file final.pdb (PDB, C-alpha atoms, pLDDT in the B column)
ATOM      1  CA  MET E   1     139.316  73.443  80.845  1.00 38.00           C
ATOM      2  CA  ILE E   2     136.358  71.126  81.223  1.00 40.00           C
ATOM      3  CA  ALA E   3     134.127  73.958  82.449  1.00 39.00           C
ATOM      4  CA  ILE E   4     134.969  76.034  79.388  1.00 40.00           C
ATOM      5  CA  SER E   5     134.164  73.273  76.952  1.00 36.00           C
ATOM      6  CA  VAL E   6     130.881  72.491  78.754  1.00 37.00           C
ATOM      7  CA  PHE E   7     130.002  76.202  78.560  1.00 37.00           C
ATOM      8  CA  ALA E   8     130.911  76.294  74.868  1.00 38.00           C
ATOM      9  CA  VAL E   9     128.764  73.219  74.157  1.00 37.00           C
ATOM     10  CA  CYS E  10     125.835  74.730  76.102  1.00 37.00           C
ATOM     11  CA  THR E  11     126.200  77.976  74.171  1.00 36.00           C
ATOM     12  CA  VAL E  12     126.209  76.170  70.824  1.00 38.00           C
ATOM     13  CA  VAL E  13     123.225  74.027  71.824  1.00 37.00           C
ATOM     14  CA  ALA E  14     121.365  77.094  73.128  1.00 39.00           C
ATOM     15  CA  SER E  15     122.107  79.006  69.911  1.00 40.00           C
ATOM     16  CA  ALA E  16     120.948  76.108  67.773  1.00 40.00           C
ATOM     17  CA  THR E  17     117.848  75.689  69.918  1.00 39.00           C
ATOM     18  CA  TYR E  18     117.089  79.413  69.685  1.00 41.00           C
ATOM     19  CA  ALA E  19     117.540  79.373  65.895  1.00 43.00           C
ATOM     20  CA  GLY E  20     115.271  76.341  65.644  1.00 44.00           C
ATOM     21  CA  LEU E  21     112.633  77.921  67.857  1.00 40.00           C
ATOM     22  CA  ARG E  22     112.800  81.173  65.928  1.00 41.00           C
ATOM     23  CA  HIS E  23     112.410  79.302  62.625  1.00 41.00           C
ATOM     24  CA  GLN E  24     109.496  77.289  64.054  1.00 44.00           C
ATOM     25  CA  MET E  25     107.811  80.450  65.381  1.00 41.00           C
ATOM     26  CA  LEU E  26     108.170  82.229  62.030  1.00 41.00           C
ATOM     27  CA  TRP E  27     106.827  79.191  60.179  1.00 41.00           C
ATOM     28  CA  ASN E  28     103.883  78.901  62.583  1.00 41.00           C
ATOM     29  CA  SER E  29     103.192  82.646  62.266  1.00 41.00           C
ATOM     30  CA  ALA E  30     103.027  82.336  58.488  1.00 43.00           C
ATOM     31  CA  ARG E  31     100.637  79.388  58.786  1.00 44.00           C
ATOM     32  CA  ILE E  32      98.451  81.204  61.318  1.00 43.00           C
ATOM     33  CA  LEU E  33      98.208  84.276  59.111  1.00 46.00           C
ATOM     34  CA  ASP E  34      96.939  82.115  56.224  1.00 48.00           C
ATOM     35  CA  ARG E  35      93.876  80.866  58.075  1.00 47.00           C
ATOM     36  CA  PRO E  36      90.835  82.880  59.139  1.00 52.00           C
ATOM     37  CA  GLN E  37      91.103  84.329  62.621  1.00 54.00           C
ATOM     38  CA  ALA E  38      88.714  83.198  65.316  1.00 55.00           C
ATOM     39  CA  ALA E  39      86.889  85.890  67.252  1.00 56.00           C
ATOM     40  CA  PRO E  40      88.418  86.410  70.706  1.00 59.00           C
ATOM     41  CA  TYR E  41      86.149  85.673  73.655  1.00 63.00           C
ATOM     42  CA  GLY E  42      83.183  84.931  71.402  1.00 58.00           C
ATOM     43  CA  ARG E  43      83.031  88.398  69.822  1.00 59.00           C
ATOM     44  CA  ASP E  44      82.200  88.817  66.177  1.00 58.00           C
ATOM     45  CA  MET E  45      85.259  90.254  64.409  1.00 58.00           C
ATOM     46  CA  THR E  46      83.186  91.337  61.387  1.00 61.00           C
ATOM     47  CA  LYS E  47      81.522  94.189  63.310  1.00 61.00           C
ATOM     48  CA  ALA E  48      82.569  97.638  62.209  1.00 66.00           C
ATOM     49  CA  LYS E  49      84.681  99.704  64.575  1.00 74.00           C
ATOM     50  CA  ARG E  50      82.791 102.316  66.529  1.00 79.00           C
ATOM     51  CA  GLN E  51      83.341 105.891  65.453  1.00 90.00           C
ATOM     52  CA  HIS E  52      85.626 107.941  67.696  1.00 91.00           C
ATOM     53  CA  ASP E  53      84.714 111.466  68.737  1.00 95.00           C
ATOM     54  CA  VAL E  54      86.690 114.131  70.547  1.00 96.00           C
ATOM     55  CA  TYR E  55      85.395 115.164  73.949  1.00 97.00           C
ATOM     56  CA  THR E  56      86.185 118.402  75.750  1.00 97.00           C
ATOM     57  CA  LEU E  57      87.036 117.734  79.385  1.00 97.00           C
ATOM     58  CA  LEU E  58      87.931 119.970  82.310  1.00 97.00           C
ATOM     59  CA  VAL E  59      90.193 118.119  84.755  1.00 97.00           C
ATOM     60  CA  GLU E  60      91.048 119.392  88.220  1.00 97.00           C
ATOM     61  CA  ILE E  61      94.338 118.098  89.591  1.00 96.00           C
ATOM     62  CA  GLY E  62      95.824 118.319  93.067  1.00 95.00           C
ATOM     63  CA  ARG E  63      99.450 118.592  94.090  1.00 94.00           C
ATOM     64  CA  LYS E  64     101.865 115.705  93.865  1.00 92.00           C
ATOM     65  CA  ALA E  65     105.651 115.625  94.030  1.00 91.00           C
ATOM     66  CA  GLY E  66     107.102 116.123  90.559  1.00 88.00           C
ATOM     67  CA  ASP E  67     103.860 117.340  88.984  1.00 89.00           C
ATOM     68  CA  GLY E  68     105.501 120.349  87.320  1.00 91.00           C
ATOM     69  CA  LEU E  69     103.099 122.932  88.745  1.00 92.00           C
ATOM     70  CA  PRO E  70     104.533 126.293  89.897  1.00 93.00           C
ATOM     71  CA  ASP E  71     105.686 126.757  93.498  1.00 92.00           C
ATOM     72  CA  GLY E  72     102.835 127.847  95.725  1.00 93.00           C
ATOM     73  CA  ALA E  73     100.127 126.364  93.487  1.00 95.00           C
ATOM     74  CA  THR E  74      97.509 124.249  95.255  1.00 95.00           C
ATOM     75  CA  GLY E  75      96.425 122.487  92.083  1.00 95.00           C
ATOM     76  CA  ALA E  76      95.358 123.261  88.539  1.00 96.00           C
ATOM     77  CA  ALA E  77      92.580 123.042  85.991  1.00 97.00           C
ATOM     78  CA  LEU E  78      93.397 121.405  82.663  1.00 96.00           C
ATOM     79  CA  MET E  79      91.364 121.880  79.481  1.00 96.00           C
ATOM     80  CA  VAL E  80      91.721 118.590  77.633  1.00 97.00           C
ATOM     81  CA  TYR E  81      90.616 117.250  74.254  1.00 97.00           C
ATOM     82  CA  ALA E  82      90.402 113.457  74.358  1.00 96.00           C
ATOM     83  CA  SER E  83      89.455 110.930  71.705  1.00 95.00           C
ATOM     84  CA  GLY E  84      87.147 108.026  72.520  1.00 95.00           C
ATOM     85  CA  VAL E  85      84.144 106.029  71.354  1.00 95.00           C
ATOM     86  CA  ASP E  86      82.179 107.578  74.211  1.00 95.00           C
ATOM     87  CA  GLU E  87      82.750 110.114  76.957  1.00 95.00           C
ATOM     88  CA  ALA E  88      83.427 107.439  79.575  1.00 95.00           C
ATOM     89  CA  GLU E  89      86.326 106.036  77.527  1.00 95.00           C
ATOM     90  CA  ALA E  90      87.726 109.537  76.955  1.00 96.00           C
ATOM     91  CA  VAL E  91      87.623 110.185  80.719  1.00 96.00           C
ATOM     92  CA  ARG E  92      89.297 106.841  81.523  1.00 96.00           C
ATOM     93  CA  GLU E  93      92.076 107.443  78.995  1.00 96.00           C
ATOM     94  CA  THR E  94      92.622 111.008  80.220  1.00 96.00           C
ATOM     95  CA  VAL E  95      92.881 109.982  83.870  1.00 96.00           C
ATOM     96  CA  ALA E  96      95.262 107.139  82.998  1.00 96.00           C
ATOM     97  CA  ILE E  97      97.546 109.460  80.994  1.00 95.00           C
ATOM     98  CA  LEU E  98      97.537 112.123  83.708  1.00 95.00           C
ATOM     99  CA  LYS E  99      98.436 109.545  86.358  1.00 94.00           C
ATOM    100  CA  GLN E 100     101.336 108.368  84.183  1.00 94.00           C
ATOM    101  CA  ALA E 101     102.476 112.009  84.026  1.00 92.00           C
ATOM    102  CA  ASP E 102     102.759 112.122  87.856  1.00 92.00           C
ATOM    103  CA  THR E 103      99.711 114.290  88.428  1.00 93.00           C
ATOM    104  CA  ALA E 104      96.828 113.707  90.821  1.00 95.00           C
ATOM    105  CA  PRO E 105      93.491 113.990  88.962  1.00 96.00           C
ATOM    106  CA  LEU E 106      90.700 114.892  91.394  1.00 96.00           C
ATOM    107  CA  ASP E 107      87.647 115.641  89.251  1.00 97.00           C
ATOM    108  CA  VAL E 108      86.674 115.468  85.575  1.00 97.00           C
ATOM    109  CA  SER E 109      83.826 117.457  84.009  1.00 96.00           C
ATOM    110  CA  GLY E 110      82.688 116.675  80.468  1.00 96.00           C
ATOM    111  CA  TYR E 111      81.487 119.335  78.039  1.00 95.00           C
ATOM    112  CA  GLY E 112      80.639 117.014  75.144  1.00 95.00           C
ATOM    113  CA  THR E 113      81.748 116.632  71.547  1.00 95.00           C
ATOM    114  CA  LEU E 114      82.324 119.402  69.030  1.00 94.00           C
ATOM    115  CA  SER E 115      78.821 119.038  67.588  1.00 94.00           C
ATOM    116  CA  GLU E 116      77.242 119.015  71.063  1.00 95.00           C
ATOM    117  CA  ARG E 117      79.124 122.151  72.058  1.00 95.00           C
ATOM    118  CA  GLU E 118      78.116 123.904  68.816  1.00 95.00           C
ATOM    119  CA  ALA E 119      74.478 122.946  69.424  1.00 96.00           C
ATOM    120  CA  GLU E 120      74.712 124.560  72.880  1.00 95.00           C
ATOM    121  CA  GLY E 121      76.051 127.759  71.350  1.00 95.00           C
ATOM    122  CA  HIS E 122      79.659 127.537  72.530  1.00 93.00           C
ATOM    123  CA  ASP E 123      82.117 129.767  70.684  1.00 94.00           C
ATOM    124  CA  ILE E 124      84.862 127.450  69.403  1.00 94.00           C
ATOM    125  CA  SER E 125      87.995 129.030  67.944  1.00 95.00           C
ATOM    126  CA  ASP E 126      89.914 127.706  64.955  1.00 96.00           C
ATOM    127  CA  GLU E 127      92.826 126.852  67.259  1.00 95.00           C
ATOM    128  CA  GLU E 128      90.536 124.632  69.352  1.00 95.00           C
ATOM    129  CA  ARG E 129      89.225 122.945  66.206  1.00 95.00           C
ATOM    130  CA  VAL E 130      92.784 122.193  65.074  1.00 96.00           C
ATOM    131  CA  LEU E 131      93.629 120.639  68.460  1.00 96.00           C
ATOM    132  CA  MET E 132      90.404 118.609  68.434  1.00 96.00           C
ATOM    133  CA  GLN E 133      91.159 117.309  64.942  1.00 96.00           C
ATOM    134  CA  ARG E 134      94.683 116.387  66.030  1.00 96.00           C
ATOM    135  CA  ALA E 135      93.311 114.459  69.031  1.00 95.00           C
ATOM    136  CA  LEU E 136      90.963 112.596  66.683  1.00 95.00           C
ATOM    137  CA  ASP E 137      93.621 111.878  64.045  1.00 95.00           C
ATOM    138  CA  GLU E 138      96.158 110.640  66.593  1.00 94.00           C
ATOM    139  CA  ASN E 139      93.620 108.994  68.947  1.00 93.00           C
ATOM    140  CA  ALA E 140      95.221 111.097  71.652  1.00 93.00           C
ATOM    141  CA  VAL E 141      94.682 113.101  74.807  1.00 95.00           C
ATOM    142  CA  ILE E 142      95.768 116.720  74.307  1.00 95.00           C
ATOM    143  CA  VAL E 143      96.111 119.169  77.186  1.00 94.00           C
ATOM    144  CA  ALA E 144      95.201 122.513  75.606  1.00 93.00           C
ATOM    145  CA  GLN E 145      95.411 124.767  78.656  1.00 95.00           C
ATOM    146  CA  VAL E 146      96.751 124.633  82.223  1.00 95.00           C
ATOM    147  CA  THR E 147      95.493 127.111  84.831  1.00 96.00           C
ATOM    148  CA  PRO E 148      97.219 126.774  88.227  1.00 96.00           C
ATOM    149  CA  PHE E 149      95.290 127.513  91.451  1.00 96.00           C
ATOM    150  CA  PHE E 150      96.856 129.617  94.227  1.00 95.00           C
ATOM    151  CA  ASP E 151      95.682 130.302  97.791  1.00 90.00           C
ATOM    152  CA  ASP E 152      95.225 134.013  98.329  1.00 75.00           C
TER     153      ASP E 152
END

call {"tool": "encode", "arguments": {"input": "final.pdb", "output": "structure tokens"}}
result
Amino acid sequence: MIAISVFAVCTVVASATYAGLRHQMLWNSARILDRPQAAPYGRDMTKAKRQHDVYTLLVEIGRKAGDGLPDGATGAALMVYASGVDEAEAVRETVAILKQADTAPLDVSGYGTLSEREAEGHDISDEERVLMQRALDENAVIVAQVTPFFDD
């Protein structure tokens, strides 16, 4: 009987403490939102965000258990449209997403932005343009095509 009442008291105290902490956190959050924010790590928060572009990337992947490639495939090439402030960020994001998807990225080749590809004379279909716009709007990595490799 004593153990039950001690447990009940602890539960009530813990609930009251939690409610008090929650109230204090909400009150502090409201106060913090009212004052100007300091720049993290000495950066100026008034700088404008850098413009994102969509980069066309060709990614070669190897085999890995659970990668979803067909039986007998030795790897695959993926045509990817990735959003980023520069090509290096687009490559980093693409590799990170592909690793999360249980694939083994081996090599990434960049073909530039839409305007760079047009300047080089690439023929870009309306379907590609729609996927590129979607990648830009959603700040996403979109795999547009998968071509598996087979040993002959």

call {"tool": "atom_distance", "arguments": {"input": "final.pdb", "atom1": "atom CA of Gly112 of chain E", "atom2": "atom CA of Thr147 of chain E"}}
result
20.4 Å

call {"tool": "atom_distance", "arguments": {"input": "final.pdb", "atom1": "atom CA of Val54 of chain E", "atom2": "atom CA of Lys99 of chain E"}}
result
20.2 Å

call {"tool": "residues_around", "arguments": {"input": "final.pdb", "residues": "Ile124 of chain E", "least_positions_apart": "6", "cutoff": "10 Å", "atoms": "only C-alpha atoms", "output": "list in words"}}
result
Leu114, Arg117 and Glu118 of chain E

call {"tool": "closest_residue", "arguments": {"input": "final.pdb", "among": "E:Gly110, E:Pro148, E:Gly121, E:Gly84", "to": "Leu58 of chain E", "atoms": "only C-alpha atoms"}}
result
E:Gly110

call {"tool": "residues_around", "arguments": {"input": "final.pdb", "residues": "Glu127 of chain E", "least_positions_apart": "5", "cutoff": "12 Å", "atoms": "only C-alpha atoms", "output": "JSON list (two decimals) with C-alpha atoms, in the coordinates of the input"}}
result
[["chain", "number", "residue", "atom", "x", "y", "z"],
["E", 132, "MET", "CA", 90.40, 118.61, 68.43],
["E", 133, "GLN", "CA", 91.16, 117.31, 64.94],
["E", 134, "ARG", "CA", 94.68, 116.39, 66.03],
["E", 144, "ALA", "CA", 95.20, 122.51, 75.61],
["E", 145, "GLN", "CA", 95.41, 124.77, 78.66]]

call {"tool": "resolve_selection", "arguments": {"input": "final.pdb", "expression": "the PyMOL selection byres ((chain E and resi 86-95) around 10)", "output": "PyMOL selection string"}}
result
chain E and resi 50-59+80-85+96-101+103-113+139-143

call {"tool": "closest_residue", "arguments": {"input": "final.pdb", "among": "E:Ser115, E:Glu128, E:Asp102, E:Phe149", "to": "Gly66 of chain E", "atoms": "all atoms listed in the file"}}
result
E:Asp102

call {"tool": "atom_distance", "arguments": {"input": "final.pdb", "atom1": "atom CA of Gly75 of chain E", "atom2": "atom CA of Leu131 of chain E"}}
result
23.9 Å
